[in-house]
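Encoded as C-alpha cells, the structure appears first; notes follow it.
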Amino acid sequence: MSVKVAGVTHEAAKFAVLNWHYSKQMPIGKLIKYGVWENEKFIGVVLFGRGATPNLGKPYDLQQNELCELVRVALDKHEAPVSQIVSKAIKNLKLHNTGLRLIVSFADPDQGHYGGIYQAGNWIYTGSSNAAKFFNIKGKKTHPRSVGAVGGIQSLNWIQKNLDPKAEIIITAPKHRYLYPLDRTMRKKIIKIALPYPSAVEGLEESRIDSVNKVQVQSLPTAQNFI
C-alpha cells in the first residue's frame with residue numbers, strides 16, 4: 001500500500017470537505033491544503049489554517065505567524081491509519097514552513113470525537129476550549145466569522161432580518177484541545193501543561209460516496225500563504 005501526501009488545488013480540497021467531512025463546510029481564511037492519495041487514488045485532504053481567532057497563539061507566547069490550526073481531516077474510505085496520514089501532512093508542512101513552531105487542533109465531543117487520531121500521533125492534550133457561539137442559519141451551523149466574511153453583521157437580529165427569520169444561536173460544548181510542537185524548545189514548554197488523555201473513540205465517519213480518481217496536484221505552499 002502506498003500513501004502520498006502533496007499540495008492540492010482548492011477545488012479538490014472543497015470536494016473532499018463537502019463529501020467526506022461532517023461539517024460540509026470549507027474553513028474560511030487562508031489555508032495550506034494537502035491532498036492524500038492511497039494506491040494512486042485520491043482519498044481526501046488535510047487542511048491547515050490560522051484558526052478562528054487571532055489570539056490562538058497568545059497562551060503560548062507565539063505570534064500569529066508562528067502557529068497554525070489543523071482545521072480539517074476529510075477522508076474517503078482508506079486503509080492507512082489517520083494518524084499516519086496526518087503525520088505525513090505535518091512533515092510536509094514543517095519542511096516548507098520553517099517559521100512554524102506549533103500546531104493546534106480540536107476534537108469535537110458533539111460529533112463523538114475525543115482525539116483518537118491525535119493520541120495515536122503523540123499530540124499533547126491540554127484540556128478543553130471554552131464553549132463557542134454559532135448561528136443556525138437555514139438549518140446550517142454557521143460560524144460568526146463566516147457571516148462577517150460575506151459582509152454581514154455577526155448578530156442574531158441582523159441575521160434574522162437579512163438571511164433567515166428563523167435563525168437561532170447555538171452554544172456548542174467545549175472541544176478537546178491538542179497541541180503538536182514542531183521544535184524541541186516548544187515541546188519542553190508545552191509538556192508542562194499536558195493533561196491525561198480523555199477517553200478515545202474511533203476516528204472519522206465513513207464516506208457516503210465514491211472518490212474521484214484524478215485530481216490536479218499543485219506546487220507545495222509556503223508560510224507566506226498564511227500571512
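Here, A, B, ... name the chains of the C-alpha cells in the order displayed, residue numbers run from 1 inside each chain, and ligands are numbered from 1 in the same displayed order.
The residue set within 12 Å of A:Gly148, counting only C-alpha atoms and dropping same-chain residues fewer than 5 places from it, reads Ile28, Gly29, Thr142, His143, Ile153, Gln154, Ser155, Trp158 and Ile159 of chain A.
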Exercise for the section: Considering only C-alpha atoms, return as a PyMOL selection string whatever protein or nucleic-acid residues lie within 10 Å of stretch 61-70 of chain A, sequence-local ones (same chain, fewer than 4 positions apart) excluded. Expected result: chain A and resi 31-32+46-57+86+90+97-106+178-182+223-224+226-227
Since we have the selection now, will you write its residues out, keeping N, CA and C atoms, as a compact mmCIF listing (two decimals), in the first residue's frame?
# COMPACT_ATOMS: atom_id res chain seq x y z
N LEU A 31 -5.48 29.02 3.70
CA LEU A 31 -5.24 27.64 4.07
C LEU A 31 -4.00 27.09 3.38
N ILE A 32 -3.39 26.10 4.00
CA ILE A 32 -2.43 25.24 3.33
C ILE A 32 -3.13 23.90 3.15
N VAL A 46 -5.95 17.03 4.05
CA VAL A 46 -5.63 17.53 5.39
C VAL A 46 -5.37 19.02 5.21
N LEU A 47 -6.10 19.86 5.96
CA LEU A 47 -6.02 21.31 5.78
C LEU A 47 -5.53 21.99 7.06
N PHE A 48 -4.64 22.94 6.87
CA PHE A 48 -4.14 23.77 7.98
C PHE A 48 -4.53 25.22 7.71
N GLY A 49 -4.90 25.94 8.78
CA GLY A 49 -5.27 27.35 8.65
C GLY A 49 -4.85 28.13 9.86
N ARG A 50 -5.22 29.41 9.89
CA ARG A 50 -4.88 30.26 11.02
C ARG A 50 -5.85 30.13 12.18
N GLY A 51 -6.94 29.40 11.99
CA GLY A 51 -7.88 29.21 13.07
C GLY A 51 -8.91 30.31 13.15
N ALA A 52 -9.84 30.14 14.07
CA ALA A 52 -10.99 31.04 14.16
C ALA A 52 -10.73 32.29 14.99
N THR A 53 -9.59 32.36 15.65
CA THR A 53 -9.31 33.52 16.50
C THR A 53 -7.90 34.05 16.25
N PRO A 54 -7.72 35.37 16.23
CA PRO A 54 -6.38 35.94 16.05
C PRO A 54 -5.51 35.78 17.29
N ASN A 55 -6.10 35.32 18.39
CA ASN A 55 -5.35 35.15 19.64
C ASN A 55 -4.97 33.70 19.90
N LEU A 56 -4.97 32.88 18.86
CA LEU A 56 -4.71 31.46 19.03
C LEU A 56 -3.35 31.19 19.67
N GLY A 57 -2.35 32.00 19.33
CA GLY A 57 -1.00 31.77 19.86
C GLY A 57 -0.70 32.45 21.18
N VAL A 86 -1.98 12.09 8.80
CA VAL A 86 -1.75 13.40 9.40
C VAL A 86 -0.26 13.64 9.62
N ILE A 90 2.00 16.74 8.27
CA ILE A 90 2.78 17.60 9.16
C ILE A 90 4.24 17.68 8.70
N ASN A 97 7.43 25.26 5.76
CA ASN A 97 7.03 26.41 6.57
C ASN A 97 7.91 26.45 7.81
N THR A 98 9.16 26.82 7.62
CA THR A 98 10.17 26.69 8.68
C THR A 98 9.91 27.62 9.87
N GLY A 99 9.08 28.64 9.71
CA GLY A 99 8.81 29.55 10.82
C GLY A 99 7.76 29.05 11.80
N LEU A 100 7.05 27.98 11.45
CA LEU A 100 6.01 27.46 12.32
C LEU A 100 6.63 26.71 13.49
N ARG A 101 6.02 26.88 14.68
CA ARG A 101 6.54 26.21 15.87
C ARG A 101 5.50 25.33 16.56
N LEU A 102 4.23 25.52 16.22
CA LEU A 102 3.19 24.79 16.95
C LEU A 102 1.95 24.61 16.08
N ILE A 103 1.32 23.44 16.19
CA ILE A 103 0.03 23.18 15.56
C ILE A 103 -0.99 22.93 16.66
N VAL A 104 -2.16 23.52 16.52
CA VAL A 104 -3.26 23.34 17.45
C VAL A 104 -4.40 22.63 16.72
N SER A 105 -5.09 21.74 17.40
CA SER A 105 -6.28 21.14 16.80
C SER A 105 -7.28 20.83 17.90
N PHE A 106 -8.53 20.65 17.48
CA PHE A 106 -9.62 20.44 18.43
C PHE A 106 -10.45 19.22 18.02
N TYR A 178 -5.72 19.81 21.48
CA TYR A 178 -4.46 19.08 21.33
C TYR A 178 -3.42 19.98 20.66
N LEU A 179 -2.16 19.82 21.11
CA LEU A 179 -1.05 20.63 20.58
C LEU A 179 0.04 19.71 20.03
N TYR A 180 0.65 20.17 18.92
CA TYR A 180 1.77 19.42 18.35
C TYR A 180 2.94 20.38 18.15
N PRO A 181 3.91 20.37 19.06
CA PRO A 181 5.09 21.25 18.93
C PRO A 181 5.95 20.81 17.75
N LEU A 182 6.55 21.78 17.07
CA LEU A 182 7.37 21.49 15.90
C LEU A 182 8.87 21.65 16.16
N ALA A 223 5.01 29.31 3.94
CA ALA A 223 4.46 30.01 5.10
C ALA A 223 3.80 31.32 4.70
N GLN A 224 4.22 31.92 3.59
CA GLN A 224 3.66 33.20 3.19
C GLN A 224 2.17 33.10 2.85
N PHE A 226 -0.04 32.02 4.68
CA PHE A 226 -0.81 32.31 5.87
C PHE A 226 -0.87 33.80 6.19
N ILE A 227 -0.01 34.59 5.62
CA ILE A 227 0.10 35.98 6.03
C ILE A 227 -0.96 36.83 5.35
Exercise for the section: Using DSSP on the backbone coordinates, identify all residues within stretch 64-118 of chain A classified as strand (DSSP E); present the result as JSON, numbers by chain. Expected result: {"A": [67, 68, 69, 70, 71, 72, 73, 74, 75, 102, 103, 104, 105, 106, 107]}
Print the selection's residues with N, CA and C atoms to a file, as a short mmCIF file (atom, residue, chain, number, x, y, z; two decimals), in the first residue's frame.
data_model
loop_
_atom_site.label_atom_id
_atom_site.label_comp_id
_atom_site.auth_asym_id
_atom_site.auth_seq_id
_atom_site.Cartn_x
_atom_site.Cartn_y
_atom_site.Cartn_z
N LEU A 67 2.28 29.77 14.45
CA LEU A 67 1.48 28.58 14.69
C LEU A 67 0.32 28.52 13.72
N CYS A 68 -0.29 27.35 13.63
CA CYS A 68 -1.46 27.19 12.78
C CYS A 68 -2.38 26.17 13.43
N GLU A 69 -3.55 25.99 12.83
CA GLU A 69 -4.52 25.03 13.32
C GLU A 69 -4.77 23.97 12.26
N LEU A 70 -4.81 22.74 12.69
CA LEU A 70 -5.27 21.66 11.81
C LEU A 70 -6.79 21.77 11.77
N VAL A 71 -7.33 22.25 10.65
CA VAL A 71 -8.74 22.61 10.61
C VAL A 71 -9.64 21.57 9.97
N ARG A 72 -9.10 20.69 9.15
CA ARG A 72 -9.92 19.64 8.53
C ARG A 72 -9.08 18.40 8.23
N VAL A 73 -9.64 17.25 8.54
CA VAL A 73 -9.16 15.97 8.02
C VAL A 73 -10.37 15.32 7.38
N ALA A 74 -10.43 15.37 6.07
CA ALA A 74 -11.60 14.89 5.33
C ALA A 74 -11.16 13.74 4.42
N LEU A 75 -11.58 12.53 4.75
CA LEU A 75 -11.09 11.35 4.05
C LEU A 75 -12.23 10.44 3.62
N LEU A 102 4.23 25.52 16.22
CA LEU A 102 3.19 24.79 16.95
C LEU A 102 1.95 24.61 16.08
N ILE A 103 1.32 23.44 16.19
CA ILE A 103 0.03 23.18 15.56
C ILE A 103 -0.99 22.93 16.66
N VAL A 104 -2.16 23.52 16.52
CA VAL A 104 -3.26 23.34 17.45
C VAL A 104 -4.40 22.63 16.72
N SER A 105 -5.09 21.74 17.40
CA SER A 105 -6.28 21.14 16.80
C SER A 105 -7.28 20.83 17.90
N PHE A 106 -8.53 20.65 17.48
CA PHE A 106 -9.62 20.44 18.43
C PHE A 106 -10.45 19.22 18.02
N ALA A 107 -10.85 18.43 19.00
CA ALA A 107 -11.74 17.29 18.78
C ALA A 107 -13.11 17.65 19.36
#
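Between atom CA of A:Gly139 and atom CA of A:Lys161 there is a distance of 16.0 Å.
The nearest approach to A:Leu156 among the residues A:Gly115, A:Pro144, A:Gly127, A:Pro59, with only C-alpha atoms taken into account, belongs to A:Pro144.
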Exercise for the section: Name the closest residue to A:Trp37 among the candidates A:Lys140, A:Lys58, A:Lys14, A:His78; distances are taken between atoms, counting only C-alpha atoms. Expected result: A:His78
Practice task
Would you work out the distance separating atom CA of A:Asn39 from atom CA of A:Tyr22, expressed in Å to one decimal?
Solution key: 24.5 Å
Practice task
With a distance cut-off of 12 Å and only C-alpha atoms, select the neighbouring residues of A:Ile191, excluding the residue or stretch itself and same-chain residues fewer than 4 positions from it, and output the selection as number ranges by chain.
Solution key: A: 60, 122-126, 178-181, 184-187, 195-196
Practice task
Run DSSP on the backbone of this structure and report the residues of stretch 97-137 of chain A it assigns to helix (DSSP H, G or I), as a count of residues only.
Solution key: 8
Exercise for the section: List the neighbours of A:Thr172 out to 12 Å using only C-alpha atoms; skip same-chain residues closer than 4 positions along the sequence, and give me the result as a list in words. Expected result: Asp108, Pro109, Asp110, Gln111, Ser129, Asn130, Ala131, Ala132, Lys133, Phe134, Phe135, Asn136, Lys141, Thr142 and His143 of chain A
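Counting only C-alpha atoms and comparing A:Ala6, A:Leu163, A:His113, A:Pro174, the residue that lies closest to A:Ser199 is A:His113.
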